[in-house]
Structures are given as structure tokens and as C-alpha cells.
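Undergrad: To start, I am sharing the structure in question, which I have written as C-alpha cells.
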Amino acid sequence: MTGALIDEETVLAALRLAIRAPSVHNSQPWAWRVYGNTVDLYADSSRHIPATDPQGRDLVMSCGAALHHLLVALAASGWAGRVRRLPDPQRPDHLATIELARGTPTGTDADLTAVIPRRRTDRRRFSPWAVPGEVIGGMTELAERHGLTLQAVTEPRLRWHLYKAIAAAAEMQEADPLYAAELARWSGRLPGATDGVPSANVPSPAPARGRMPMRAYARPAVVESPGQGEPENAALLLLSTFTDTRASWLRAGEVTSAVLLTATLAGLASSPLTQPLEVHETRAFVRDRVGAKKTAHPQILLRLGWALPGARELPATPRRPLDDVVAIGR
């Protein structure tokens, strides 16, 4: 590749931000290779969580979120990435090749990069304040620019259908001993862990009016009020694609990253809800009974809202050392 050669430390700094992306059970299922002005992204199949994510869809979306984080961080440093997604049909785990050239950073790149360290998955009860319609509208347009659809689920009947789908998926998953063992392995982590869902980031189950059910992670340690007073007023956004391939899952992850960072920039809290889409039956139910476009494939449900006044900042979830996920050179 011709042109200026990117400094290795610039790439590594961007990768440190890329690996802050959200991933299923904080499994961080990505591997990167850097050589010259090229970065390759691979799915790490050894971190596949099959009972939770039988198709590997959440795994690929997690990698897509990390890819978007990387592109934003590089753009803020003055480097544009030309991305070839799934460049080798013989190697499905090779998700992307990013070729770098000098670019012109924008204010949006800098703003989104700045909030990467602040983003958290917040499973706590949100406030009764509504998310502004213009914020949701901007996110909807963002998804459409990437060829996806982002539907705000506002009707009480549709939100009830989502509630039923989450509850049904949880019941089916919890009846599977492999799922129970997997969830116990990947959650309830104590300080010093480098992956998995920490106890310090999971609220104890408590009734809260208006809130979608949360996954029952092991050893929750965040104590919440019992949910008295006004119910939360979270926005529920269903992100769907028009095909159901690895390429569309990767794109869904990229758009998920863009929406979550945009939400953080607006001061909103957020949490992805994948549970009703991990079970074939409830995913079909969500498509048929909730989705506005019956030909679209639901990929992820995003819950956005305002944190309750006085809510403490959640700790950052742990990350694997960069040396574990990045290789330098061919």
C-alpha cells in the first residue's frame, strides 16, 4: 500500500479502544493482526458460547461492534479505513481486512472516540424520563444509511410481546443444563478477572414497573430499590437486517456500536438485550409479532434510557490484555 505508514503505537492505541466494545457475556471473541497499514479482524471461535449463541450470531455481532470502535478511533487520529468484509470465502472467521490511509478527522469521530471508555452496559432500572424523539430519529437514520432497519417499539401491545418473548426465552434456556453451566462460567466474576460479566455490574433481581426482564446472571451484586414510584420509560429499539448472513451480522454489530456510542454521547444509559433472539422460537415470534417489516431478521434489541438521579457510575468491565488479542506482523 502506498502513502504514509501509520505508526504502530497509533494502531495499538486504537485497538485498546476497539476492545472496549460490548460482547456477548463479555467474552471478547476477537483476534487482530497488524502488519504495515493493514489490520485483519478474526472471530475467535474458541470463545464461542454455543448454548447461549448456537449460530454464532452474537459472536459475529460482537466483532462487528469492535470493528466500528476501531474505525472511529482511527478516524479520530486522522486515519481512514477501507474495509473489506469477509474477504476470504474459504476462511469464514476472517471477518474483515482494514487498509489504512491518511484521512481528515471529523468532530463526530472525536466525540464518539471520547465516549468509548465511558460506555457501560447498564442493566439497572432507568428513570421515567422519555428519550427525546430526535435522538431516536437520528439513530434510525443512522441504521438506514447502513442498509438496516431500527424500529422504536413504543406501542404497549408490542412491548408486551417483547416481555413475553424474553420471559419465554429465559424459561427455555434455563431448562438447558448446558446453558446454566455456561452462564455460571461466564458471569459472577470477581475483581481480577479479564473477561466475563462481573458481579459488580449486575443488579439483583427486583420488580420494576415498565422494565423488560434482565438475564439472570450469577451472583448479582448491585442492589436496587424495589422499583416503587414511576415506572421506567426506556426506549426499546429493534435492529434488523434484510438478510441473515455473517455479513449482515457483522454490519448489525457495527451499527449497534454506532447507536450505543451515540447514546452515550447524548448522556443516555444503555443495555443490549439479546436473550429473546437467541432462541429460534422466540426470535421468530419477535419477527412476526413485533417487527414492523416481516421480511427483516431481528438481530438485537437495545434498551436506552436515563440513569436514575444519583445512580453511581458502574465500573468498567474487565478486558483481556492487548497482547492476548493482537499479533504484530505477518
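Chains: A, B, ... in order of the C-alpha cells. Residues: from 1 per chain. Ligands: from 1, in order shown.
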Please provide the set of residues having any atom within 12 Å of stretch 16-21 of chain A, restricted to only C-alpha atoms, with same-chain residues fewer than 4 positions apart removed, written as a short mmCIF file (atom, residue, chain, number, x, y, z; two decimals) with C-alpha atoms, in the first residue's frame.
TA:
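Result file follows (part_6.cif):
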```cif
data_model
loop_
_atom_site.label_atom_id
_atom_site.label_comp_id
_atom_site.auth_asym_id
_atom_site.auth_seq_id
_atom_site.Cartn_x
_atom_site.Cartn_y
_atom_site.Cartn_z
CA GLU A 9 1.53 2.89 18.58
CA THR A 10 -1.32 4.75 16.85
CA VAL A 11 -2.78 1.42 15.75
CA LEU A 12 -2.34 -0.10 19.20
CA HIS A 25 -21.16 -12.30 28.10
CA ASN A 26 -18.07 -10.06 27.74
CA SER A 27 -16.40 -13.00 26.01
CA GLN A 28 -14.33 -10.66 23.77
CA PRO A 29 -14.32 -13.12 20.85
CA TRP A 30 -11.93 -11.25 18.57
CA ALA A 31 -8.37 -11.56 17.34
CA TRP A 32 -6.44 -8.92 15.40
CA LEU A 41 -10.06 -8.93 12.26
CA MET A 61 -22.04 -9.02 16.07
CA SER A 62 -19.61 -8.58 18.97
CA CYS A 63 -16.75 -8.48 16.48
CA GLY A 64 -18.71 -6.01 14.34
CA ALA A 65 -19.02 -3.69 17.34
CA ALA A 66 -15.25 -3.89 17.89
CA LEU A 67 -14.67 -3.16 14.19
CA HIS A 68 -16.74 0.02 14.40
CA HIS A 69 -14.96 1.08 17.60
CA LEU A 70 -11.64 0.64 15.78
CA LEU A 71 -12.70 2.62 12.71
CA VAL A 72 -13.97 5.51 14.82
CA ALA A 73 -10.79 5.61 16.93
CA LEU A 74 -8.55 5.50 13.85
CA ALA A 76 -10.23 10.46 15.16
CA LEU A 112 -17.57 9.18 19.66
CA THR A 113 -13.99 8.13 20.40
CA ALA A 114 -14.00 10.18 23.59
CA VAL A 115 -17.04 8.34 24.98
CA ILE A 116 -15.78 4.80 24.26
CA PRO A 117 -14.21 4.49 27.75
CA ARG A 118 -17.43 5.83 29.34
CA ARG A 119 -19.90 3.43 27.74
CA ARG A 120 -21.29 0.76 30.05
CA THR A 121 -23.93 -1.94 29.77
CA THR A 194 -10.06 -10.36 32.44
CA ASP A 195 -13.36 -11.38 30.82
CA GLY A 253 -22.66 -5.24 15.22
CA GLU A 254 -21.18 -2.15 13.61
CA THR A 256 -25.05 -1.46 17.33
CA SER A 257 -21.72 0.14 18.24
CA ALA A 258 -22.68 3.37 16.50
CA LEU A 260 -24.58 2.75 21.72
CA LEU A 261 -21.81 5.33 21.37
CA ALA A 316 -15.64 -0.68 33.62
CA THR A 317 -15.94 -4.34 32.75
CA PRO A 318 -12.56 -6.11 32.51
CA ARG A 319 -10.68 -6.66 29.27
CA ARG A 320 -8.08 -9.18 28.18
CA PRO A 321 -4.54 -7.83 27.78
CA LEU A 322 -3.87 -6.42 24.32
CA ASP A 323 -1.07 -8.96 23.82
CA ASP A 324 -3.64 -11.75 24.08
CA VAL A 325 -5.73 -10.48 21.16
CA VAL A 326 -3.29 -8.65 18.86
#
```
Undergrad: Determine, using only C-alpha atoms, which residues of stretch 80-177 of chain A have any atom at most 10 Å from an atom of stretch 297-309 of chain A, and tabulate each with its shortest atom pair and distance in Å to one decimal place, rows ordered by chain and then rising number, as a Markdown table.
TA:
```
| residue | atom | partner | partner_atom | distance |
| --- | --- | --- | --- | --- |
| A:Thr121 | CA | A:Arg303 | CA | 9.8 |
| A:Asp122 | CA | A:Ala307 | CA | 8.5 |
| A:Arg123 | CA | A:Arg303 | CA | 9.0 |
| A:Arg124 | CA | A:Ala307 | CA | 8.0 |
| A:Arg125 | CA | A:Leu308 | CA | 7.4 |
| A:Phe126 | CA | A:Ala307 | CA | 5.0 |
| A:Ser127 | CA | A:Leu308 | CA | 4.8 |
| A:Pro128 | CA | A:Trp306 | CA | 8.0 |
| A:Trp129 | CA | A:Trp306 | CA | 6.7 |
| A:Ala130 | CA | A:Gly305 | CA | 7.2 |
| A:Val131 | CA | A:Gly305 | CA | 6.1 |
| A:Pro132 | CA | A:Gly305 | CA | 9.7 |
| A:Ile136 | CA | A:Leu304 | CA | 9.6 |
| A:Leu148 | CA | A:His297 | CA | 9.8 |
| A:Thr149 | CA | A:Pro298 | CA | 9.2 |
| A:Leu150 | CA | A:Leu301 | CA | 9.4 |
| A:Gln151 | CA | A:Leu301 | CA | 9.5 |
| A:Ala152 | CA | A:Leu302 | CA | 9.5 |
| A:Val153 | CA | A:Leu301 | CA | 9.7 |
| A:Leu162 | CA | A:Leu301 | CA | 9.5 |
```
Undergrad: Dump N, CA, C and O atoms for the selected residues as a PDB file, in the first residue's frame?
TA:
```
ATOM      1  N   THR A 121     -22.651  -1.235  29.865  1.00  0.00           N
ATOM      2  CA  THR A 121     -23.926  -1.938  29.775  1.00  0.00           C
ATOM      3  C   THR A 121     -24.600  -1.785  31.124  1.00  0.00           C
ATOM      4  O   THR A 121     -24.124  -2.316  32.126  1.00  0.00           O
ATOM      5  N   ASP A 122     -25.695  -1.019  31.138  1.00  0.00           N
ATOM      6  CA  ASP A 122     -26.361  -0.674  32.395  1.00  0.00           C
ATOM      7  C   ASP A 122     -27.686  -1.423  32.470  1.00  0.00           C
ATOM      8  O   ASP A 122     -28.655  -1.085  31.777  1.00  0.00           O
ATOM      9  N   ARG A 123     -27.742  -2.450  33.324  1.00  0.00           N
ATOM     10  CA  ARG A 123     -28.934  -3.284  33.451  1.00  0.00           C
ATOM     11  C   ARG A 123     -29.871  -2.798  34.549  1.00  0.00           C
ATOM     12  O   ARG A 123     -30.887  -3.435  34.834  1.00  0.00           O
ATOM     13  N   ARG A 124     -29.540  -1.673  35.174  1.00  0.00           N
ATOM     14  CA  ARG A 124     -30.355  -1.159  36.270  1.00  0.00           C
ATOM     15  C   ARG A 124     -31.640  -0.491  35.748  1.00  0.00           C
ATOM     16  O   ARG A 124     -31.788  -0.227  34.570  1.00  0.00           O
ATOM     17  N   ARG A 125     -32.551  -0.227  36.675  1.00  0.00           N
ATOM     18  CA  ARG A 125     -33.770   0.479  36.319  1.00  0.00           C
ATOM     19  C   ARG A 125     -33.428   1.893  35.859  1.00  0.00           C
ATOM     20  O   ARG A 125     -32.579   2.568  36.448  1.00  0.00           O
ATOM     21  N   PHE A 126     -34.080   2.330  34.787  1.00  0.00           N
ATOM     22  CA  PHE A 126     -33.896   3.688  34.282  1.00  0.00           C
ATOM     23  C   PHE A 126     -34.973   4.604  34.852  1.00  0.00           C
ATOM     24  O   PHE A 126     -35.946   4.160  35.471  1.00  0.00           O
ATOM     25  N   SER A 127     -34.816   5.885  34.599  1.00  0.00           N
ATOM     26  CA  SER A 127     -35.751   6.883  35.122  1.00  0.00           C
ATOM     27  C   SER A 127     -37.037   6.915  34.289  1.00  0.00           C
ATOM     28  O   SER A 127     -37.091   6.346  33.194  1.00  0.00           O
ATOM     29  N   PRO A 128     -38.077   7.627  34.753  1.00  0.00           N
ATOM     30  CA  PRO A 128     -39.315   7.754  33.968  1.00  0.00           C
ATOM     31  C   PRO A 128     -39.238   8.789  32.853  1.00  0.00           C
ATOM     32  O   PRO A 128     -40.217   8.969  32.121  1.00  0.00           O
ATOM     33  N   TRP A 129     -38.105   9.461  32.685  1.00  0.00           N
ATOM     34  CA  TRP A 129     -37.987  10.478  31.641  1.00  0.00           C
ATOM     35  C   TRP A 129     -37.866   9.811  30.275  1.00  0.00           C
ATOM     36  O   TRP A 129     -37.100   8.857  30.096  1.00  0.00           O
ATOM     37  N   ALA A 130     -38.572  10.342  29.323  1.00  0.00           N
ATOM     38  CA  ALA A 130     -38.566   9.772  27.975  1.00  0.00           C
ATOM     39  C   ALA A 130     -37.285  10.144  27.231  1.00  0.00           C
ATOM     40  O   ALA A 130     -36.717  11.226  27.439  1.00  0.00           O
ATOM     41  N   VAL A 131     -36.828   9.246  26.361  1.00  0.00           N
ATOM     42  CA  VAL A 131     -35.717   9.553  25.463  1.00  0.00           C
ATOM     43  C   VAL A 131     -36.256  10.462  24.355  1.00  0.00           C
ATOM     44  O   VAL A 131     -37.292  10.163  23.753  1.00  0.00           O
ATOM     45  N   PRO A 132     -35.589  11.591  24.081  1.00  0.00           N
ATOM     46  CA  PRO A 132     -36.108  12.520  23.060  1.00  0.00           C
ATOM     47  C   PRO A 132     -36.288  11.850  21.702  1.00  0.00           C
ATOM     48  O   PRO A 132     -35.454  11.056  21.262  1.00  0.00           O
ATOM     49  N   ILE A 136     -33.788   9.379  18.952  1.00  0.00           N
ATOM     50  CA  ILE A 136     -34.168   8.103  18.336  1.00  0.00           C
ATOM     51  C   ILE A 136     -34.233   8.245  16.820  1.00  0.00           C
ATOM     52  O   ILE A 136     -33.793   7.354  16.073  1.00  0.00           O
ATOM     53  N   LEU A 148     -29.806  -1.086   7.215  1.00  0.00           N
ATOM     54  CA  LEU A 148     -30.501  -1.826   8.266  1.00  0.00           C
ATOM     55  C   LEU A 148     -31.745  -1.049   8.672  1.00  0.00           C
ATOM     56  O   LEU A 148     -31.943   0.093   8.262  1.00  0.00           O
ATOM     57  N   THR A 149     -32.573  -1.674   9.483  1.00  0.00           N
ATOM     58  CA  THR A 149     -33.756  -1.003   9.988  1.00  0.00           C
ATOM     59  C   THR A 149     -33.723  -1.010  11.513  1.00  0.00           C
ATOM     60  O   THR A 149     -33.402  -2.029  12.135  1.00  0.00           O
ATOM     61  N   LEU A 150     -34.014   0.152  12.102  1.00  0.00           N
ATOM     62  CA  LEU A 150     -34.043   0.302  13.556  1.00  0.00           C
ATOM     63  C   LEU A 150     -35.438   0.795  13.932  1.00  0.00           C
ATOM     64  O   LEU A 150     -35.824   1.909  13.591  1.00  0.00           O
ATOM     65  N   GLN A 151     -36.174  -0.056  14.607  1.00  0.00           N
ATOM     66  CA  GLN A 151     -37.578   0.220  14.927  1.00  0.00           C
ATOM     67  C   GLN A 151     -37.720   0.559  16.403  1.00  0.00           C
ATOM     68  O   GLN A 151     -37.327  -0.215  17.275  1.00  0.00           O
ATOM     69  N   ALA A 152     -38.297   1.717  16.693  1.00  0.00           N
ATOM     70  CA  ALA A 152     -38.636   2.057  18.072  1.00  0.00           C
ATOM     71  C   ALA A 152     -39.934   1.352  18.440  1.00  0.00           C
ATOM     72  O   ALA A 152     -40.969   1.566  17.798  1.00  0.00           O
ATOM     73  N   VAL A 153     -39.877   0.497  19.447  1.00  0.00           N
ATOM     74  CA  VAL A 153     -41.052  -0.273  19.866  1.00  0.00           C
ATOM     75  C   VAL A 153     -41.748   0.525  20.965  1.00  0.00           C
ATOM     76  O   VAL A 153     -41.307   0.546  22.122  1.00  0.00           O
ATOM     77  N   LEU A 162     -42.723  -8.269  23.505  1.00  0.00           N
ATOM     78  CA  LEU A 162     -41.301  -8.395  23.814  1.00  0.00           C
ATOM     79  C   LEU A 162     -41.100  -8.975  25.205  1.00  0.00           C
ATOM     80  O   LEU A 162     -40.236  -9.848  25.415  1.00  0.00           O
TER      81      LEU A 162
END
```
Undergrad: May I have the residues within 8 Å of A:Leu100 as a list in words, using only C-alpha atoms and disregarding those fewer than 5 positions away in the same chain?
TA: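 The contact residues come out as Ile6, Asn37, Thr38, Trp79, Ala80, Gly81 and Arg82 of chain A.
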Undergrad: Could you state the separation of atom CA of A:Ala180 and atom CA of A:Ala51 in Å, given to one decimal place?
TA: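 Atom CA of A:Ala51 lies 8.7 Å from atom CA of A:Ala180.
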Undergrad: Give me, as a ChimeraX atom specification, the residues of stretch 38-145 of chain A that a backbone DSSP run labels helix (DSSP H, G or I).
TA: /A:45-47,57-76,107-118,133-145
Undergrad: Could you save the residues just selected, with C-alpha atoms, as a CSV table (one decimal), in the first residue's frame?
TA:
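So result.csv came out as:
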```csv
chain,number,residue,atom,x,y,z
A,45,SER,CA,-14.1,-19.5,17.7
A,46,SER,CA,-12.5,-20.7,20.9
A,47,ARG,CA,-14.7,-18.1,22.6
A,57,ARG,CA,-24.6,-14.7,15.6
A,58,ASP,CA,-23.8,-12.8,18.8
A,59,LEU,CA,-20.2,-13.7,18.4
A,60,VAL,CA,-20.0,-12.1,14.9
A,61,MET,CA,-22.0,-9.0,16.1
A,62,SER,CA,-19.6,-8.6,19.0
A,63,CYS,CA,-16.8,-8.5,16.5
A,64,GLY,CA,-18.7,-6.0,14.3
A,65,ALA,CA,-19.0,-3.7,17.3
A,66,ALA,CA,-15.3,-3.9,17.9
A,67,LEU,CA,-14.7,-3.2,14.2
A,68,HIS,CA,-16.7,0.0,14.4
A,69,HIS,CA,-15.0,1.1,17.6
A,70,LEU,CA,-11.6,0.6,15.8
A,71,LEU,CA,-12.7,2.6,12.7
A,72,VAL,CA,-14.0,5.5,14.8
A,73,ALA,CA,-10.8,5.6,16.9
A,74,LEU,CA,-8.6,5.5,13.8
A,75,ALA,CA,-10.6,8.2,12.1
A,76,ALA,CA,-10.2,10.5,15.2
A,107,GLY,CA,-15.8,16.3,15.2
A,108,THR,CA,-18.2,13.3,15.3
A,109,ASP,CA,-15.2,10.9,15.2
A,110,ALA,CA,-13.5,12.7,18.1
A,111,ASP,CA,-16.7,12.9,20.1
A,112,LEU,CA,-17.6,9.2,19.7
A,113,THR,CA,-14.0,8.1,20.4
A,114,ALA,CA,-14.0,10.2,23.6
A,115,VAL,CA,-17.0,8.3,25.0
A,116,ILE,CA,-15.8,4.8,24.3
A,117,PRO,CA,-14.2,4.5,27.8
A,118,ARG,CA,-17.4,5.8,29.3
A,133,GLY,CA,-37.7,11.6,19.7
A,134,GLU,CA,-35.0,13.5,17.8
A,135,VAL,CA,-32.3,11.3,19.4
A,136,ILE,CA,-34.2,8.1,18.3
A,137,GLY,CA,-34.8,9.6,14.9
A,138,GLY,CA,-31.1,10.2,14.4
A,139,MET,CA,-30.3,6.6,15.3
A,140,THR,CA,-33.0,5.3,13.0
A,141,GLU,CA,-31.5,7.3,10.1
A,142,LEU,CA,-28.0,6.1,11.0
A,143,ALA,CA,-29.2,2.5,10.7
A,144,GLU,CA,-30.9,3.2,7.4
A,145,ARG,CA,-27.7,4.6,5.9
```
Undergrad: Can you pull out the residues contacting stretch 212-222 of chain A? Cut-off 6 Å, using only C-alpha atoms, and skip same-chain residues under 2 positions away; I want them as a ChimeraX atom specification.
TA: /A:163,184,187-188,199-200,202-204
Undergrad: Can I get the selection written as a PDB file, in the first residue's frame, with C-alpha atoms?
TA:
```pdb
ATOM      1  CA  TYR A 163     -41.791  -9.021  27.519  1.00  0.00           C
ATOM      2  CA  ALA A 184     -22.305 -19.732  35.609  1.00  0.00           C
ATOM      3  CA  SER A 187     -20.803 -14.433  34.917  1.00  0.00           C
ATOM      4  CA  GLY A 188     -20.433 -13.603  38.574  1.00  0.00           C
ATOM      5  CA  SER A 199     -20.895  -9.302  39.809  1.00  0.00           C
ATOM      6  CA  ALA A 200     -20.295  -5.588  40.385  1.00  0.00           C
ATOM      7  CA  VAL A 202     -25.262  -6.892  37.630  1.00  0.00           C
ATOM      8  CA  PRO A 203     -28.285  -5.756  39.655  1.00  0.00           C
ATOM      9  CA  SER A 204     -30.077  -8.148  41.959  1.00  0.00           C
TER      10      SER A 204
END
```
Undergrad: A:Arg289: which residues within 8 Å, counting only C-alpha atoms, same-chain residues fewer than 3 positions away excluded, as a ChimeraX atom specification?
TA: /A:158,161,285-286
Undergrad: Write the residues of the preceding selection, restricted to N, CA and C atoms, as a short mmCIF file (atom, residue, chain, number, x, y, z; two decimals), in the first residue's frame.
TA:
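This is the output file part-v3.cif:
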```cif
data_model
loop_
_atom_site.label_atom_id
_atom_site.label_comp_id
_atom_site.auth_asym_id
_atom_site.auth_seq_id
_atom_site.Cartn_x
_atom_site.Cartn_y
_atom_site.Cartn_z
N LEU A 158 -46.99 -4.14 21.64
CA LEU A 158 -45.75 -4.70 21.12
C LEU A 158 -44.71 -4.86 22.23
N HIS A 161 -45.49 -7.98 23.94
CA HIS A 161 -45.00 -9.12 23.18
C HIS A 161 -43.50 -9.34 23.46
N PHE A 285 -41.03 -15.31 16.89
CA PHE A 285 -42.15 -14.59 17.49
C PHE A 285 -41.92 -13.08 17.42
N VAL A 286 -40.71 -12.64 17.76
CA VAL A 286 -40.39 -11.21 17.71
C VAL A 286 -40.50 -10.70 16.27
#
```
Undergrad: In Å, rounded to a single decimal, give me how far atom CA of A:Asn233 is from atom CA of A:Ala311.
TA: 16.1 Å
Undergrad: Which of these, A:His280, A:Arg287, A:Arg246, A:Lys294, has the shortest distance to A:Pro54 once you count only C-alpha atoms?
TA: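 Answer, going by the shortest atom-to-atom distance: A:His280.
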Undergrad: Give me the residues near A:Arg85 as a PyMOL selection string, where near means some atom within 10 Å (using only C-alpha atoms) and where sequence neighbours in that chain fewer than 3 positions away do not count.
TA: chain A and resi 40-41+64+82+88+94-98+246-247+250-251
Undergrad: Can I get the selection written as an mmCIF file, in the first residue's frame, with all heavy atoms?
TA:
```cif
data_model
loop_
_atom_site.group_PDB
_atom_site.id
_atom_site.type_symbol
_atom_site.label_atom_id
_atom_site.label_comp_id
_atom_site.auth_asym_id
_atom_site.auth_seq_id
_atom_site.Cartn_x
_atom_site.Cartn_y
_atom_site.Cartn_z
ATOM 1 N N ASP A 40 -6.185 -6.931 10.241
ATOM 2 C CA ASP A 40 -7.149 -8.004 9.994
ATOM 3 C C ASP A 40 -7.910 -8.305 11.279
ATOM 4 O O ASP A 40 -7.332 -8.335 12.376
ATOM 5 C CB ASP A 40 -6.448 -9.281 9.524
ATOM 6 C CG ASP A 40 -5.989 -9.192 8.079
ATOM 7 O OD1 ASP A 40 -6.789 -8.753 7.241
ATOM 8 O OD2 ASP A 40 -4.835 -9.563 7.800
ATOM 9 N N LEU A 41 -9.207 -8.543 11.136
ATOM 10 C CA LEU A 41 -10.064 -8.928 12.259
ATOM 11 C C LEU A 41 -10.541 -10.359 12.043
ATOM 12 O O LEU A 41 -11.065 -10.690 10.975
ATOM 13 C CB LEU A 41 -11.266 -7.988 12.356
ATOM 14 C CG LEU A 41 -12.409 -8.419 13.291
ATOM 15 C CD1 LEU A 41 -11.931 -8.528 14.734
ATOM 16 C CD2 LEU A 41 -13.583 -7.447 13.180
ATOM 17 N N GLY A 64 -18.305 -7.180 15.106
ATOM 18 C CA GLY A 64 -18.707 -6.008 14.344
ATOM 19 C C GLY A 64 -18.669 -4.752 15.186
ATOM 20 O O GLY A 64 -18.260 -3.676 14.711
ATOM 21 N N ARG A 82 -10.340 1.606 4.817
ATOM 22 C CA ARG A 82 -11.133 0.982 3.755
ATOM 23 C C ARG A 82 -11.314 -0.487 4.135
ATOM 24 O O ARG A 82 -10.340 -1.227 4.258
ATOM 25 C CB ARG A 82 -10.427 1.095 2.402
ATOM 26 C CG ARG A 82 -11.276 0.552 1.236
ATOM 27 C CD ARG A 82 -10.640 0.863 -0.101
ATOM 28 N NE ARG A 82 -9.422 0.100 -0.327
ATOM 29 C CZ ARG A 82 -9.381 -1.110 -0.876
ATOM 30 N NH1 ARG A 82 -10.505 -1.690 -1.257
ATOM 31 N NH2 ARG A 82 -8.235 -1.729 -1.054
ATOM 32 N N ASP A 88 -12.295 -13.513 2.548
ATOM 33 C CA ASP A 88 -11.861 -14.826 2.081
ATOM 34 C C ASP A 88 -12.967 -15.850 2.326
ATOM 35 O O ASP A 88 -13.170 -16.299 3.462
ATOM 36 C CB ASP A 88 -10.590 -15.246 2.816
ATOM 37 C CG ASP A 88 -10.005 -16.549 2.295
ATOM 38 O OD1 ASP A 88 -10.667 -17.214 1.463
ATOM 39 O OD2 ASP A 88 -8.896 -16.912 2.734
ATOM 40 N N HIS A 94 -12.355 -15.058 9.133
ATOM 41 C CA HIS A 94 -11.663 -13.820 8.745
ATOM 42 C C HIS A 94 -12.752 -12.803 8.391
ATOM 43 O O HIS A 94 -13.279 -12.787 7.292
ATOM 44 C CB HIS A 94 -10.736 -14.070 7.564
ATOM 45 C CG HIS A 94 -9.882 -12.891 7.213
ATOM 46 N ND1 HIS A 94 -9.032 -12.890 6.129
ATOM 47 C CD2 HIS A 94 -9.733 -11.669 7.800
ATOM 48 C CE1 HIS A 94 -8.410 -11.725 6.064
ATOM 49 N NE2 HIS A 94 -8.822 -10.963 7.062
ATOM 50 N N LEU A 95 -13.092 -11.957 9.348
ATOM 51 C CA LEU A 95 -14.273 -11.102 9.217
ATOM 52 C C LEU A 95 -14.009 -9.817 8.446
ATOM 53 O O LEU A 95 -14.913 -9.302 7.782
ATOM 54 C CB LEU A 95 -14.823 -10.762 10.602
ATOM 55 C CG LEU A 95 -15.319 -11.956 11.421
ATOM 56 C CD1 LEU A 95 -15.821 -11.492 12.776
ATOM 57 C CD2 LEU A 95 -16.412 -12.715 10.681
ATOM 58 N N ALA A 96 -12.793 -9.285 8.531
ATOM 59 C CA ALA A 96 -12.546 -8.008 7.852
ATOM 60 C C ALA A 96 -11.059 -7.764 7.681
ATOM 61 O O ALA A 96 -10.237 -8.190 8.502
ATOM 62 C CB ALA A 96 -13.168 -6.849 8.642
ATOM 63 N N THR A 97 -10.742 -7.078 6.605
ATOM 64 C CA THR A 97 -9.412 -6.513 6.387
ATOM 65 C C THR A 97 -9.578 -5.005 6.265
ATOM 66 O O THR A 97 -10.399 -4.528 5.479
ATOM 67 C CB THR A 97 -8.766 -7.080 5.109
ATOM 68 O OG1 THR A 97 -8.483 -8.472 5.316
ATOM 69 C CG2 THR A 97 -7.480 -6.353 4.781
ATOM 70 N N ILE A 98 -8.822 -4.271 7.067
ATOM 71 C CA ILE A 98 -8.898 -2.815 7.083
ATOM 72 C C ILE A 98 -7.579 -2.267 6.551
ATOM 73 O O ILE A 98 -6.517 -2.551 7.124
ATOM 74 C CB ILE A 98 -9.143 -2.279 8.501
ATOM 75 C CG1 ILE A 98 -10.382 -2.939 9.118
ATOM 76 C CG2 ILE A 98 -9.294 -0.761 8.487
ATOM 77 C CD1 ILE A 98 -10.082 -3.993 10.144
ATOM 78 N N ARG A 246 -23.548 -14.020 7.795
ATOM 79 C CA ARG A 246 -22.454 -13.496 8.619
ATOM 80 C C ARG A 246 -22.171 -12.034 8.273
ATOM 81 O O ARG A 246 -21.850 -11.234 9.156
ATOM 82 C CB ARG A 246 -21.191 -14.343 8.424
ATOM 83 C CG ARG A 246 -21.267 -15.699 9.106
ATOM 84 C CD ARG A 246 -20.045 -16.549 8.809
ATOM 85 N NE ARG A 246 -18.880 -16.191 9.592
ATOM 86 C CZ ARG A 246 -18.642 -16.606 10.832
ATOM 87 N NH1 ARG A 246 -19.515 -17.373 11.448
ATOM 88 N NH2 ARG A 246 -17.535 -16.262 11.451
ATOM 89 N N ALA A 247 -22.282 -11.694 6.989
ATOM 90 C CA ALA A 247 -22.040 -10.307 6.589
ATOM 91 C C ALA A 247 -23.056 -9.372 7.238
ATOM 92 O O ALA A 247 -22.699 -8.277 7.711
ATOM 93 C CB ALA A 247 -22.085 -10.175 5.070
ATOM 94 N N LEU A 250 -22.309 -9.003 10.954
ATOM 95 C CA LEU A 250 -21.186 -8.098 11.177
ATOM 96 C C LEU A 250 -21.655 -6.647 11.093
ATOM 97 O O LEU A 250 -21.310 -5.814 11.937
ATOM 98 C CB LEU A 250 -20.088 -8.376 10.152
ATOM 99 C CG LEU A 250 -18.749 -7.683 10.368
ATOM 100 C CD1 LEU A 250 -18.051 -8.203 11.618
ATOM 101 C CD2 LEU A 250 -17.839 -7.880 9.146
ATOM 102 N N ARG A 251 -22.453 -6.339 10.073
ATOM 103 C CA ARG A 251 -22.991 -4.987 9.912
ATOM 104 C C ARG A 251 -23.872 -4.613 11.098
ATOM 105 O O ARG A 251 -23.845 -3.466 11.576
ATOM 106 C CB ARG A 251 -23.808 -4.895 8.631
ATOM 107 C CG ARG A 251 -22.996 -4.677 7.380
ATOM 108 C CD ARG A 251 -22.379 -3.293 7.346
ATOM 109 N NE ARG A 251 -21.892 -2.965 6.010
ATOM 110 C CZ ARG A 251 -21.248 -1.851 5.734
ATOM 111 N NH1 ARG A 251 -21.005 -0.965 6.683
ATOM 112 N NH2 ARG A 251 -20.832 -1.620 4.502
#
```
Undergrad: Which parts of stretch 61-166 of chain A does DSSP call strand (DSSP E) when run on the backbone here, written out as JSON, numbers by chain?
TA: {"A": [79, 80, 81, 82, 83, 84, 85, 94, 95, 96, 97, 98, 99, 100, 101, 102, 149, 150, 151, 152]}
Undergrad: As an exercise, work out the distance from atom CA of A:Thr241 to atom CA of A:Ala165 in Å and give it to one decimal place.
TA: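 Going from atom CA of A:Thr241 over to atom CA of A:Ala165, I get 19.3 Å.
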